[in-house]
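This is work18.txt (compact mmCIF, C-alpha atoms and all ligand atoms).
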# COMPACT_ATOMS: atom_id res chain seq x y z
CA MET K 104 -72.81 20.46 -5.33
CA THR K 105 -73.30 24.25 -5.04
CA PHE K 106 -72.31 26.32 -8.08
CA CYS K 107 -70.74 29.81 -7.65
CA GLU K 108 -71.61 32.47 -10.17
CA TYR K 109 -68.97 33.16 -12.84
CA ARG K 110 -66.31 35.69 -11.77
CA PRO K 111 -63.87 36.90 -14.49
CA GLY K 112 -60.35 35.91 -13.53
CA LEU K 113 -61.90 33.78 -10.74
CA GLU K 114 -61.76 36.97 -8.62
CA GLY K 115 -62.56 36.06 -5.02
CA ILE K 116 -63.22 32.39 -5.86
CA PRO K 117 -61.21 29.91 -3.71
CA ALA K 118 -59.34 27.44 -5.95
CA THR K 119 -57.79 25.44 -3.13
CA GLN K 120 -57.28 25.16 0.62
CA SER K 121 -53.72 26.06 1.60
CA SER K 122 -51.63 26.56 4.74
CA ILE K 123 -48.56 28.02 3.01
CA SER K 124 -49.12 31.79 3.08
CA PHE K 125 -51.72 34.31 4.15
CA VAL K 126 -52.51 37.81 2.82
CA ASP K 127 -54.81 40.43 4.35
CA GLY K 128 -55.26 42.89 1.47
CA GLN K 129 -57.07 45.51 3.53
CA ARG K 130 -54.43 45.66 6.29
CA GLY K 131 -51.36 44.96 4.15
CA ILE K 132 -50.39 41.75 5.93
CA LEU K 133 -48.33 38.91 4.37
CA GLU K 134 -47.34 35.82 6.38
CA TYR K 135 -45.43 32.67 5.31
CA ARG K 136 -46.57 29.70 7.42
CA GLY K 137 -47.87 32.26 9.95
CA ILE K 138 -44.62 34.27 10.25
CA ASN K 139 -45.00 37.87 9.02
CA ILE K 140 -42.88 38.97 6.09
CA GLU K 141 -41.21 41.79 8.05
CA GLU K 142 -39.74 39.27 10.56
CA LEU K 143 -38.55 36.94 7.81
CA ALA K 144 -36.99 39.81 5.85
CA GLN K 145 -35.14 40.98 8.95
CA HIS K 146 -34.07 37.67 10.52
CA SER K 147 -34.24 34.87 7.92
CA THR K 148 -32.47 33.97 4.66
CA PHE K 149 -33.97 32.93 1.36
CA LEU K 150 -32.97 29.28 1.76
CA GLU K 151 -34.28 29.10 5.32
CA THR K 152 -37.53 30.73 4.13
CA SER K 153 -37.69 28.28 1.20
CA TYR K 154 -37.38 25.38 3.65
CA LEU K 155 -40.15 26.93 5.80
CA LEU K 156 -42.47 27.27 2.79
CA ILE K 157 -41.76 23.84 1.30
CA TYR K 158 -41.55 21.71 4.46
CA GLY K 159 -43.94 23.70 6.67
CA SER K 160 -41.69 24.74 9.57
CA LEU K 161 -38.38 26.49 10.21
CA PRO K 162 -35.46 24.03 9.90
CA SER K 163 -33.17 23.03 12.75
CA GLN K 164 -29.52 24.00 12.34
CA GLU K 165 -28.72 20.49 11.04
CA GLU K 166 -31.69 20.48 8.63
CA LEU K 167 -30.70 23.91 7.26
CA ALA K 168 -27.03 22.96 6.95
CA GLU K 169 -27.94 19.80 5.02
CA PHE K 170 -30.39 21.71 2.77
CA GLU K 171 -27.80 24.39 2.00
CA HIS K 172 -25.11 21.76 1.33
CA GLU K 173 -27.36 19.81 -1.08
CA ILE K 174 -28.19 23.00 -2.97
CA ARG K 175 -24.53 24.05 -3.25
CA PHE K 176 -23.75 20.59 -4.62
CA HIS K 177 -26.46 20.77 -7.32
CA ARG K 178 -25.89 24.27 -8.70
CA ARG K 179 -24.07 23.14 -11.87
CA LEU K 180 -25.90 22.53 -15.15
CA LYS K 181 -25.71 19.47 -17.41
CA TYR K 182 -23.40 20.42 -20.28
CA ARG K 183 -26.19 19.54 -22.74
CA ILE K 184 -28.36 22.29 -21.24
CA ARG K 185 -25.52 24.78 -21.68
CA ASP K 186 -25.09 23.52 -25.26
CA MET K 187 -28.83 23.99 -25.83
CA MET K 188 -28.52 27.59 -24.61
CA LYS K 189 -25.83 28.22 -27.23
CA CYS K 190 -28.59 27.82 -29.86
CA PHE K 191 -30.79 30.49 -28.25
CA PRO K 192 -30.85 33.90 -30.01
CA GLU K 193 -29.02 36.59 -27.98
CA SER K 194 -32.05 38.83 -28.55
CA GLY K 195 -34.41 36.31 -26.94
CA HIS K 196 -36.02 37.28 -23.62
CA PRO K 197 -34.35 35.62 -20.62
CA MET K 198 -37.75 34.40 -19.35
CA ASP K 199 -38.21 32.37 -22.54
CA ALA K 200 -34.71 30.95 -22.12
CA LEU K 201 -35.47 30.08 -18.49
CA GLN K 202 -38.75 28.39 -19.37
CA ALA K 203 -37.03 26.25 -22.02
CA CYS K 204 -34.21 25.24 -19.64
CA ALA K 205 -36.59 24.45 -16.76
CA ALA K 206 -38.60 22.14 -19.01
CA ALA K 207 -35.39 20.59 -20.37
CA LEU K 208 -34.41 19.47 -16.86
CA GLY K 209 -37.22 16.94 -17.14
CA LEU K 210 -35.30 15.23 -19.97
CA PHE K 211 -32.56 14.22 -17.54
CA TYR K 212 -34.55 12.97 -14.56
CA SER K 213 -37.08 10.14 -14.54
CA ARG K 214 -40.69 11.22 -14.66
CA ARG K 215 -43.59 10.67 -12.36
CA ALA K 216 -41.89 9.07 -9.35
CA LEU K 217 -44.16 11.34 -7.36
CA ASP K 218 -44.80 8.75 -4.64
CA ASN K 219 -41.08 8.61 -3.86
CA PRO K 220 -39.99 11.16 -1.19
CA ASP K 221 -36.38 11.01 -2.45
CA TYR K 222 -37.56 11.98 -5.95
CA ILE K 223 -39.56 14.90 -4.50
CA ARG K 224 -36.57 16.09 -2.43
CA ALA K 225 -34.22 15.78 -5.43
CA ALA K 226 -36.57 17.87 -7.59
CA VAL K 227 -36.86 20.56 -4.89
CA VAL K 228 -33.08 20.76 -4.52
CA ARG K 229 -32.32 20.67 -8.25
CA LEU K 230 -34.80 23.40 -9.15
CA LEU K 231 -33.81 25.74 -6.32
CA ALA K 232 -30.12 25.10 -7.09
CA LYS K 233 -30.12 25.25 -10.88
CA ILE K 234 -32.58 28.04 -11.80
CA PRO K 235 -30.15 30.83 -10.74
CA THR K 236 -27.34 29.14 -12.69
CA MET K 237 -29.54 29.03 -15.79
CA VAL K 238 -30.39 32.75 -15.54
CA ALA K 239 -26.73 33.73 -15.06
CA ALA K 240 -25.52 31.37 -17.81
CA PHE K 241 -27.89 32.87 -20.39
CA GLN K 242 -26.77 36.37 -19.36
CA MET K 243 -23.12 35.50 -19.98
CA MET K 244 -23.74 33.52 -23.18
CA ARG K 245 -25.91 36.21 -24.83
CA LYS K 246 -22.88 38.53 -24.34
CA GLY K 247 -20.71 35.97 -26.11
CA ASN K 248 -18.96 34.74 -22.98
CA ASP K 249 -18.63 31.32 -21.36
CA PRO K 250 -20.93 30.87 -18.39
CA ILE K 251 -19.28 31.33 -14.99
CA GLN K 252 -19.20 28.22 -12.84
CA PRO K 253 -20.97 28.46 -9.47
CA ARG K 254 -18.69 28.91 -6.43
CA ASP K 255 -19.39 26.58 -3.52
CA ASP K 256 -17.78 29.01 -1.07
CA LEU K 257 -20.42 31.68 -1.73
CA ASP K 258 -23.94 31.64 -0.29
CA TYR K 259 -27.03 31.51 -2.49
CA ALA K 260 -27.44 35.24 -3.15
CA ALA K 261 -23.75 36.07 -3.42
CA ASN K 262 -23.17 33.16 -5.80
CA PHE K 263 -25.91 34.34 -8.17
CA LEU K 264 -24.56 37.90 -8.27
CA TYR K 265 -21.03 36.49 -8.77
CA MET K 266 -22.15 34.32 -11.73
CA LEU K 267 -23.62 37.42 -13.39
CA ASN K 268 -20.29 39.24 -13.77
CA GLU K 269 -17.50 37.16 -12.11
CA GLN K 270 -17.14 39.74 -9.33
CA GLU K 271 -17.82 38.98 -5.68
CA PRO K 272 -20.69 41.24 -4.65
CA ASP K 273 -20.51 43.82 -1.85
CA PRO K 274 -21.77 42.12 1.35
CA LEU K 275 -24.56 44.70 1.76
CA ALA K 276 -25.72 44.14 -1.83
CA ALA K 277 -25.66 40.35 -1.35
CA ARG K 278 -27.67 40.59 1.89
CA ILE K 279 -30.21 42.94 0.30
CA PHE K 280 -30.53 40.66 -2.72
CA ASP K 281 -31.18 37.71 -0.42
CA ILE K 282 -33.95 39.69 1.32
CA CYS K 283 -35.46 40.51 -2.11
CA LEU K 284 -35.62 36.77 -2.83
CA THR K 285 -37.41 36.17 0.49
CA LEU K 286 -39.92 38.94 -0.31
CA HIS K 287 -40.70 37.44 -3.73
CA ALA K 288 -40.78 33.77 -2.65
CA GLU K 289 -44.52 33.23 -2.17
CA HIS K 290 -47.85 35.01 -2.42
CA THR K 291 -50.87 32.67 -2.09
CA ILE K 292 -52.75 31.80 -5.32
CA ASN K 293 -51.32 34.31 -7.79
CA ALA K 294 -51.52 33.54 -11.52
CA SER K 295 -48.20 31.68 -11.83
CA THR K 296 -48.79 29.65 -8.67
CA PHE K 297 -52.25 28.73 -9.91
CA SER K 298 -50.65 27.69 -13.21
CA ALA K 299 -48.22 25.49 -11.28
CA MET K 300 -51.09 23.91 -9.33
CA VAL K 301 -53.14 23.14 -12.45
CA THR K 302 -50.12 21.56 -14.14
CA ALA K 303 -49.22 19.65 -10.94
CA SER K 304 -52.77 18.29 -10.67
CA THR K 305 -52.26 16.20 -13.84
CA LEU K 306 -49.34 14.42 -12.07
CA THR K 307 -46.79 15.48 -14.67
CA ASP K 308 -43.16 15.96 -13.62
CA PRO K 309 -42.09 18.92 -11.41
CA TYR K 310 -39.92 20.40 -14.19
CA ALA K 311 -43.00 20.81 -16.42
CA VAL K 312 -44.81 22.36 -13.43
CA ILE K 313 -42.09 24.99 -12.98
CA ALA K 314 -41.88 25.61 -16.75
CA SER K 315 -45.65 26.35 -16.77
CA ALA K 316 -45.26 28.78 -13.88
CA VAL K 317 -42.29 30.57 -15.48
CA GLY K 318 -44.32 31.15 -18.66
CA THR K 319 -47.19 32.58 -16.62
CA LEU K 320 -44.99 34.84 -14.48
CA ALA K 321 -43.49 36.44 -17.61
CA GLY K 322 -46.61 38.44 -18.43
CA PRO K 323 -46.57 42.25 -17.87
CA LEU K 324 -49.65 42.11 -15.62
CA HIS K 325 -47.80 39.71 -13.29
CA GLY K 326 -44.07 39.23 -12.83
CA GLY K 327 -43.17 41.16 -15.96
CA ALA K 328 -44.29 44.44 -14.35
CA ASN K 329 -40.95 45.08 -12.59
CA GLU K 330 -39.22 45.45 -15.96
CA GLU K 331 -42.06 47.66 -17.24
CA VAL K 332 -41.79 49.95 -14.19
CA ILE K 333 -38.21 50.95 -15.09
CA GLU K 334 -39.25 51.53 -18.71
CA MET K 335 -42.13 53.69 -17.40
CA LEU K 336 -39.79 55.74 -15.17
CA GLU K 337 -37.45 56.19 -18.16
CA GLU K 338 -40.41 57.37 -20.26
CA ILE K 339 -41.52 59.85 -17.57
CA GLY K 340 -37.93 61.10 -17.48
CA SER K 341 -38.36 63.95 -14.96
CA ILE K 342 -40.32 64.89 -11.84
CA GLU K 343 -42.04 67.65 -13.81
CA ASN K 344 -43.44 65.08 -16.20
CA VAL K 345 -45.04 62.88 -13.51
CA GLU K 346 -48.40 64.67 -13.40
CA PRO K 347 -48.82 64.93 -17.20
CA TYR K 348 -47.88 61.24 -17.53
CA LEU K 349 -50.36 60.19 -14.84
CA GLU K 350 -53.11 62.36 -16.36
CA SER K 351 -52.50 60.75 -19.73
CA CYS K 352 -52.74 57.23 -18.22
CA ILE K 353 -55.99 58.11 -16.46
CA GLN K 354 -57.48 59.62 -19.62
CA ARG K 355 -56.49 56.51 -21.62
CA LYS K 356 -57.55 54.17 -18.79
CA ALA K 357 -54.01 52.75 -19.09
CA LYS K 358 -52.64 50.71 -16.20
CA ILE K 359 -49.72 52.28 -14.34
CA MET K 360 -47.07 49.59 -13.98
CA GLY K 361 -46.15 48.59 -10.43
CA PHE K 362 -49.47 49.80 -9.03
CA GLY K 363 -52.69 48.03 -8.13
CA HIS K 364 -53.29 44.50 -6.95
CA ARG K 365 -56.08 41.96 -7.02
CA VAL K 366 -55.78 41.51 -3.24
CA TYR K 367 -53.94 44.50 -1.71
CA LYS K 368 -56.06 47.66 -1.54
CA VAL K 369 -53.33 49.39 0.47
CA LYS K 370 -49.57 49.62 -0.16
CA ASP K 371 -48.11 46.13 -0.63
CA PRO K 372 -46.02 45.42 2.51
CA ARG K 373 -43.28 44.11 0.25
CA ALA K 374 -43.13 47.48 -1.54
CA THR K 375 -42.55 49.20 1.79
CA ILE K 376 -39.62 46.91 2.62
CA LEU K 377 -38.18 47.15 -0.91
CA GLN K 378 -38.29 50.95 -0.66
CA GLU K 379 -36.27 50.78 2.57
CA LEU K 380 -33.76 48.41 0.92
CA ALA K 381 -33.43 50.78 -2.05
CA GLU K 382 -32.69 53.67 0.32
CA GLN K 383 -29.99 51.60 2.09
CA LEU K 384 -28.31 50.95 -1.26
CA PHE K 385 -28.60 54.61 -2.30
CA GLU K 386 -26.99 55.70 0.98
CA LYS K 387 -23.95 53.52 0.26
CA PHE K 388 -23.71 53.59 -3.53
CA GLY K 389 -25.42 56.85 -4.55
CA ARG K 390 -29.01 57.82 -5.27
CA ASP K 391 -30.76 56.75 -8.46
CA HIS K 392 -32.53 59.78 -10.02
CA TYR K 393 -35.38 57.49 -11.04
CA TYR K 394 -36.12 57.10 -7.31
CA ASP K 395 -37.19 60.75 -7.04
CA ILE K 396 -39.52 60.22 -10.01
CA ALA K 397 -40.86 57.04 -8.37
CA ILE K 398 -41.69 58.64 -5.00
CA THR K 399 -43.28 61.61 -6.76
CA LEU K 400 -45.37 59.22 -8.87
CA GLU K 401 -46.39 57.20 -5.79
CA LYS K 402 -47.67 60.38 -4.10
CA ALA K 403 -49.52 61.52 -7.22
CA VAL K 404 -51.15 58.11 -7.77
CA GLU K 405 -52.24 57.97 -4.13
CA GLU K 406 -53.91 61.39 -4.50
CA ARG K 407 -55.68 60.49 -7.74
CA LEU K 408 -56.35 56.75 -7.38
CA GLY K 409 -55.93 55.91 -3.71
CA HIS K 410 -59.70 55.95 -3.32
CA LYS K 411 -59.81 52.99 -5.74
CA GLY K 412 -57.26 51.05 -3.71
CA ILE K 413 -54.49 51.64 -6.25
CA TYR K 414 -51.15 51.65 -4.39
CA PRO K 415 -47.62 50.39 -5.14
CA ASN K 416 -47.25 46.62 -5.38
CA VAL K 417 -44.14 44.46 -5.07
CA ASP K 418 -42.96 45.39 -8.57
CA PHE K 419 -42.80 49.15 -8.08
CA TYR K 420 -39.54 49.51 -6.15
CA SER K 421 -37.89 46.13 -6.82
CA GLY K 422 -36.41 47.28 -10.14
CA LEU K 423 -34.68 50.25 -8.49
CA VAL K 424 -32.97 47.83 -6.08
CA TYR K 425 -31.86 45.52 -8.89
CA ARG K 426 -30.66 48.46 -11.05
CA LYS K 427 -28.41 49.67 -8.25
CA MET K 428 -26.93 46.15 -8.13
CA GLY K 429 -26.15 46.31 -11.84
CA ILE K 430 -28.69 43.64 -12.78
CA PRO K 431 -29.92 44.22 -16.38
CA THR K 432 -33.60 45.27 -16.63
CA ASP K 433 -34.70 42.21 -18.60
CA LEU K 434 -33.33 39.97 -15.84
CA PHE K 435 -35.70 41.47 -13.23
CA THR K 436 -38.47 38.96 -13.96
CA PRO K 437 -36.09 35.98 -14.05
CA VAL K 438 -34.91 37.14 -10.60
CA PHE K 439 -38.56 37.13 -9.52
CA ALA K 440 -38.76 33.54 -10.88
CA ILE K 441 -35.63 32.46 -8.97
CA ALA K 442 -37.40 33.47 -5.76
CA ARG K 443 -40.88 32.23 -6.63
CA VAL K 444 -39.63 28.70 -7.37
CA ALA K 445 -39.80 28.22 -3.59
CA GLY K 446 -43.51 29.07 -3.47
CA TRP K 447 -44.30 27.11 -6.63
CA LEU K 448 -42.59 24.02 -5.14
CA ALA K 449 -44.46 24.44 -1.86
CA HIS K 450 -47.80 24.52 -3.70
CA TRP K 451 -46.71 21.61 -5.94
CA LYS K 452 -46.10 19.45 -2.83
CA GLU K 453 -49.33 20.65 -1.19
CA GLN K 454 -51.31 19.85 -4.35
CA LEU K 455 -49.88 16.31 -4.49
CA ASN K 456 -50.83 15.72 -0.85
CA GLU K 457 -54.54 15.98 -1.65
CA ASN K 458 -54.75 15.99 -5.42
CA ARG K 459 -57.81 16.34 -7.63
CA ILE K 460 -57.19 17.32 -11.25
CA PHE K 461 -58.36 20.86 -11.98
CA ARG K 462 -61.25 20.81 -14.40
CA PRO K 463 -63.59 23.85 -13.92
CA THR K 464 -66.77 24.33 -15.89
CA GLN K 465 -68.02 27.20 -18.12
CA ILE K 466 -71.12 29.22 -18.95
CA TYR K 467 -71.72 28.34 -22.62
CA THR K 468 -72.60 31.40 -24.76
CA GLY K 469 -72.26 29.86 -28.25
CA MET K 470 -74.75 28.52 -30.82
CA ARG K 471 -76.54 25.15 -30.59
CA GLY K 472 -77.86 22.85 -33.40
CA THR K 473 -75.88 24.67 -36.11
CA PRO K 474 -76.17 22.81 -39.50
CA TYR K 475 -73.02 21.77 -41.41
CA VAL K 476 -72.96 23.72 -44.76
CA PRO K 477 -71.01 22.13 -47.65
CA ILE K 478 -68.19 24.45 -48.76
CA GLU K 479 -69.65 25.01 -52.22
CA LYS K 480 -72.79 26.41 -50.58
CA ARG K 481 -71.02 28.68 -48.16
CA GLN K 482 -70.95 32.40 -48.76
CA SER K 483 -67.84 34.36 -47.89
CA GLU K 484 -68.16 36.95 -45.16
CA GLN K 485 -68.14 39.73 -47.81
CA ASP K 486 -70.89 38.07 -49.93
CA GLN K 487 -73.02 37.66 -46.80
CA GLN K 488 -72.54 41.33 -45.84
CA LEU K 489 -73.43 42.40 -49.41
CA LEU K 490 -76.53 40.16 -49.37
CA ASN K 491 -77.56 41.67 -46.02
CA LEU K 492 -77.11 45.16 -47.48
CA VAL K 493 -79.17 44.36 -50.57
CA THR K 494 -81.95 42.52 -48.73
CA GLY K 495 -81.79 45.01 -45.86
C1 LIG A 1 -47.80 40.75 -9.14
O1 LIG A 1 -51.54 38.10 -7.47
C2 LIG A 1 -50.42 38.33 -6.89
O2 LIG A 1 -50.25 38.09 -5.70
C3 LIG A 1 -49.34 38.85 -7.82
C4 LIG A 1 -48.05 39.27 -7.15
C5 LIG A 1 -47.31 38.08 -6.58
O3 LIG A 1 -46.53 38.27 -5.64
O4 LIG A 1 -47.43 36.97 -7.18
O5 LIG A 1 -48.32 40.19 -6.12
C6 LIG A 1 -47.09 39.89 -8.17
O6 LIG A 1 -48.21 40.30 -10.17
C7 LIG A 1 -48.01 42.19 -8.78
C8 LIG A 1 -48.84 42.95 -9.87
C9 LIG A 1 -47.87 43.40 -10.97
N1 LIG A 1 -48.63 44.02 -12.10
C10 LIG A 1 -48.63 45.31 -12.32
O7 LIG A 1 -48.08 46.15 -11.62
C11 LIG A 1 -49.39 45.71 -13.58
C12 LIG A 1 -50.33 46.88 -13.28
N2 LIG A 1 -51.38 46.43 -12.36
C13 LIG A 1 -52.65 46.08 -12.94
O8 LIG A 1 -52.58 45.47 -14.19
C14 LIG A 1 -53.63 45.48 -11.96
O9 LIG A 1 -53.58 46.23 -10.82
C15 LIG A 1 -53.50 44.01 -11.59
C16 LIG A 1 -53.45 43.12 -12.78
C17 LIG A 1 -52.29 43.78 -10.76
C18 LIG A 1 -54.72 43.65 -10.77
O10 LIG A 1 -55.79 43.88 -11.59
P1 LIG A 1 -57.29 43.55 -11.18
O11 LIG A 1 -57.40 43.12 -9.77
O12 LIG A 1 -57.82 42.64 -12.24
O13 LIG A 1 -57.93 44.98 -11.22
P2 LIG A 1 -58.78 45.53 -12.43
O14 LIG A 1 -57.95 45.44 -13.69
O15 LIG A 1 -60.11 44.87 -12.41
O16 LIG A 1 -58.92 47.06 -12.05
C19 LIG A 1 -59.89 47.47 -11.07
C20 LIG A 1 -59.93 48.99 -11.23
C21 LIG A 1 -60.11 49.41 -12.69
O17 LIG A 1 -60.72 50.69 -12.69
P3 LIG A 1 -62.30 50.80 -13.11
O18 LIG A 1 -62.44 50.25 -14.53
O19 LIG A 1 -63.06 49.97 -12.09
O20 LIG A 1 -62.60 52.28 -13.05
O21 LIG A 1 -58.67 49.54 -10.82
C22 LIG A 1 -58.04 50.13 -11.92
C23 LIG A 1 -58.69 49.58 -13.17
O22 LIG A 1 -58.59 50.50 -14.24
N3 LIG A 1 -56.63 49.75 -11.89
C24 LIG A 1 -55.64 50.53 -12.27
C25 LIG A 1 -54.47 49.79 -12.07
N4 LIG A 1 -54.78 48.58 -11.59
C26 LIG A 1 -56.13 48.56 -11.48
N5 LIG A 1 -55.63 51.78 -12.76
C27 LIG A 1 -54.42 52.30 -13.07
N6 LIG A 1 -53.25 51.63 -12.91
C28 LIG A 1 -53.23 50.39 -12.41
N7 LIG A 1 -52.06 49.73 -12.26

Once more with this new file: its structure as structure tokens, please.
Amino acid sequence: MTFCEYRPGLEGIPATQSSISFVDGQRGILEYRGINIEELAQHSTFLETSYLLIYGSLPSQEELAEFEHEIRFHRRLKYRIRDMMKCFPESGHPMDALQACAAALGLFYSRRALDNPDYIRAAVVRLLAKIPTMVAAFQMMRKGNDPIQPRDDLDYAANFLYMLNEQEPDPLAARIFDICLTLHAEHTINASTFSAMVTASTLTDPYAVIASAVGTLAGPLHGGANEEVIEMLEEIGSIENVEPYLESCIQRKAKIMGFGHRVYKVKDPRATILQELAEQLFEKFGRDHYYDIAITLEKAVEERLGHKGIYPNVDFYSGLVYRKMGIPTDLFTPVFAIARVAGWLAHWKEQLNENRIFRPTQIYTGMRGTPYVPIEKRQSEQDQQLLNLVTG
């Protein structure tokens, strides 16, 4: 067995072999099962793309119709999960609520029937179908309202937007939201997908796998960045303040939210598409003044940090799209999770196909042969420091 040298964050170290998606970080290429993201964004839907990712090829018309029907049928939540949500604090973050509800699904469905294709299919359908309902239900309940029941006559994207405020969305907004879900569905071995794979490798149930991934996505260096980008644009406040803000970040070596990527060293292709979608919304519904700050910041960052490969990533423009749709800022990451469930499920299935439990090694840097000192003979940290001072 050959040992690789230690790389913090496993940077550049393969953790698996996968045929689900491909990224070329130097040329800004993203493909799902070999189809480039631009084609899928233009021609596909989120559910068709989910089928492609999870089952490995584009569905026939019958396969897609059946998949869509199953998901419409499973959108509703067990009343006990809704009752559980009633105990959540309104001030809690929606990602914590989502993680709790995803894990709770495992209480209702038998565990570990992982060798049963019907169980696998049911888990795929339930998670894709119910995660949006959970996000929308928490949104309504934290405002003191009853959750809005899913509508079977609305497609996946339109139904989610409807459940957020009981208004049927504008068709353009629904189509753009569906494209956003496709763009966020999968991205090789990112932190939350790796978390899903590690959890899956122990052969626990798929609901625990998705709960692990949701918790990982929530972090500000990963899926939580889209929410932080809007807060950053609010803090910048004006075009005039872009340069001083950027200078301050550079001086403090602070990360600029929505920029940089472990793999992309050019502009994330998803950011390019999201920027176009934002402009389509602005044309119809009015321009967001934060957009002018954002494009000014992008230009300034490229001038100052482009040489280091720091360019906009998927999180930089997504929030401006969601804001224009009236989605609250702290729901941006749950929306990311709704989409990424497709990729997490695809990697869950792929891991099960050729499973070996993840158990990496370490480079030990601690003490060896340390004696056990009875407590009465131990000196407190302060005594020890004083003794060192006195004895020099
Ligand atoms: C996602 O992995 C995926 O595929 C993730 C994702 C997906 O679809 O699943 O694409 C989604 O998570 C997008 C990333 C969202 N996060 C952010 O926008 C937060 C801000 N970005 C950074 O925290 C950072 O860019 C990371 C975490 C995304 C990547 O960090 P790396 O690869 O660990 O890079 P690094 O921290 O080692 O930085 C390398 C250099 C450093 O400079 P030096 O010390 O070498 O001089 O680049 C600099 C960093 O300071 N740098 C930044 C920066 N990101 C890196 N400088 C300023 N602002 C930034 N955002």

Do a neighbour search on region 209-226 of chain K at 9 Å with only C-alpha atoms, toss out local chain neighbours closer than 6 positions, and write the hits as a PyMOL selection string.
chain K and resi 181+306-311+448+452+455

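Between Gln270 (chain K) and the candidates K:Met198, K:Met428, K:Ala203, K:Ala440, the tightest atom-to-atom separation, counting only C-alpha atoms, involves K:Met428.
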
Taking all atoms listed in the file into account, which of K:Met237, K:Val444, K:Ile466, K:Leu489 comes nearest Asp199 (chain K)?
K:Met237

Return the single residue from K:Val345, K:Leu208, K:Leu231, K:Ala144 that is closest to Arg278 (chain K), with distances computed using all atoms listed in the file.
K:Ala144

Name all residues at most 12 Å from Glu346 (chain K) (count all atoms listed in the file; drop same-chain ones fewer than 6 positions away) and give them as a PyMOL selection string.
chain K and resi 339-340+352-353+396-397+399-404+406-407

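Proximity ranking of K:Leu180, K:Ala200, K:Leu267, K:Met300 relative to Asn456 (chain K) places K:Met300 first, based on all atoms listed in the file.
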
Using all atoms listed in the file, find the one residue out of K:Val301, K:Leu284, K:Ile174, K:Val228 that sits nearest to Leu377 (chain K).
K:Leu284

Point-to-point distance in Å for CA of Ile279 (chain K) and CA of Ala374 (chain K):
13.8 Å

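Shortest separation to Ala442 (chain K) among K:Thr152, K:Thr285, K:Ser163, K:Asn262 occurs at residue K:Thr285, atoms counted being all atoms listed in the file.
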
Would you give the centre and edge lengths, in Å to one decimal, of a box along x, y and z around the listed atoms of region 183-197 of chain K, with 5 Å added to each side, as JSON?
{"center_x": -30.6, "center_y": 29.2, "center_z": -25.3, "size_x": 20.9, "size_y": 29.3, "size_z": 19.4}

Exercise: Gly159 (chain K) partners within 12 Å, all atoms listed in the file, chain neighbours under 6 positions left out, as a list of chain:residue names
K:Ser121, K:Ser122, K:Ile123, K:Ser124, K:Tyr135, K:Arg136, K:Gly137, K:Ile138, K:Glu151, K:Thr152, K:Ser153, K:Ala445, K:Gly446, K:Leu448, K:Ala449, K:His450, K:Lys452, K:Glu453

Non-local contacts of Leu423 (chain K) (8 Å; all atoms listed in the file; under 3 positions in same chain excluded) as a PyMOL selection string:
chain K and resi 333+381+391+393-394+420+426-427

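Between CA of Pro274 (chain K) and CA of Lys233 (chain K) the separation is 22.4 Å.
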
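CA of Leu264 (chain K) sits 23.3 Å away from CA of Ile140 (chain K).
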
Starting from the incomplete input, reconstruct N, CA, C and O atoms of region 122-129 of chain K and write that as a PDB file, in the coordinates of the input.
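Okay, this is what ended up in selection_6.pdb:
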ATOM      1  N   SER K 122     -52.169  26.071   3.451  1.00  0.00           N
ATOM      2  CA  SER K 122     -51.630  26.560   4.740  1.00  0.00           C
ATOM      3  C   SER K 122     -50.250  27.200   4.537  1.00  0.00           C
ATOM      4  O   SER K 122     -49.493  27.374   5.486  1.00  0.00           O
ATOM      5  N   ILE K 123     -49.925  27.555   3.300  1.00  0.00           N
ATOM      6  CA  ILE K 123     -48.560  28.020   3.010  1.00  0.00           C
ATOM      7  C   ILE K 123     -48.377  29.507   3.313  1.00  0.00           C
ATOM      8  O   ILE K 123     -47.439  29.914   3.991  1.00  0.00           O
ATOM      9  N   SER K 124     -49.270  30.345   2.775  1.00  0.00           N
ATOM     10  CA  SER K 124     -49.120  31.790   3.080  1.00  0.00           C
ATOM     11  C   SER K 124     -50.492  32.420   3.213  1.00  0.00           C
ATOM     12  O   SER K 124     -51.500  31.874   2.769  1.00  0.00           O
ATOM     13  N   PHE K 125     -50.481  33.593   3.857  1.00  0.00           N
ATOM     14  CA  PHE K 125     -51.720  34.310   4.150  1.00  0.00           C
ATOM     15  C   PHE K 125     -51.548  35.790   3.816  1.00  0.00           C
ATOM     16  O   PHE K 125     -50.494  36.384   4.127  1.00  0.00           O
ATOM     17  N   VAL K 126     -52.540  36.375   3.162  1.00  0.00           N
ATOM     18  CA  VAL K 126     -52.510  37.810   2.820  1.00  0.00           C
ATOM     19  C   VAL K 126     -53.796  38.458   3.325  1.00  0.00           C
ATOM     20  O   VAL K 126     -54.887  37.931   3.120  1.00  0.00           O
ATOM     21  N   ASP K 127     -53.660  39.595   4.024  1.00  0.00           N
ATOM     22  CA  ASP K 127     -54.810  40.430   4.350  1.00  0.00           C
ATOM     23  C   ASP K 127     -54.648  41.706   3.524  1.00  0.00           C
ATOM     24  O   ASP K 127     -53.819  42.567   3.839  1.00  0.00           O
ATOM     25  N   GLY K 128     -55.417  41.798   2.434  1.00  0.00           N
ATOM     26  CA  GLY K 128     -55.260  42.890   1.470  1.00  0.00           C
ATOM     27  C   GLY K 128     -55.725  44.230   1.971  1.00  0.00           C
ATOM     28  O   GLY K 128     -55.318  45.267   1.464  1.00  0.00           O
ATOM     29  N   GLN K 129     -56.570  44.228   2.990  1.00  0.00           N
ATOM     30  CA  GLN K 129     -57.070  45.510   3.530  1.00  0.00           C
ATOM     31  C   GLN K 129     -56.075  46.079   4.537  1.00  0.00           C
ATOM     32  O   GLN K 129     -55.962  47.282   4.699  1.00  0.00           O
TER      33      GLN K 129
END
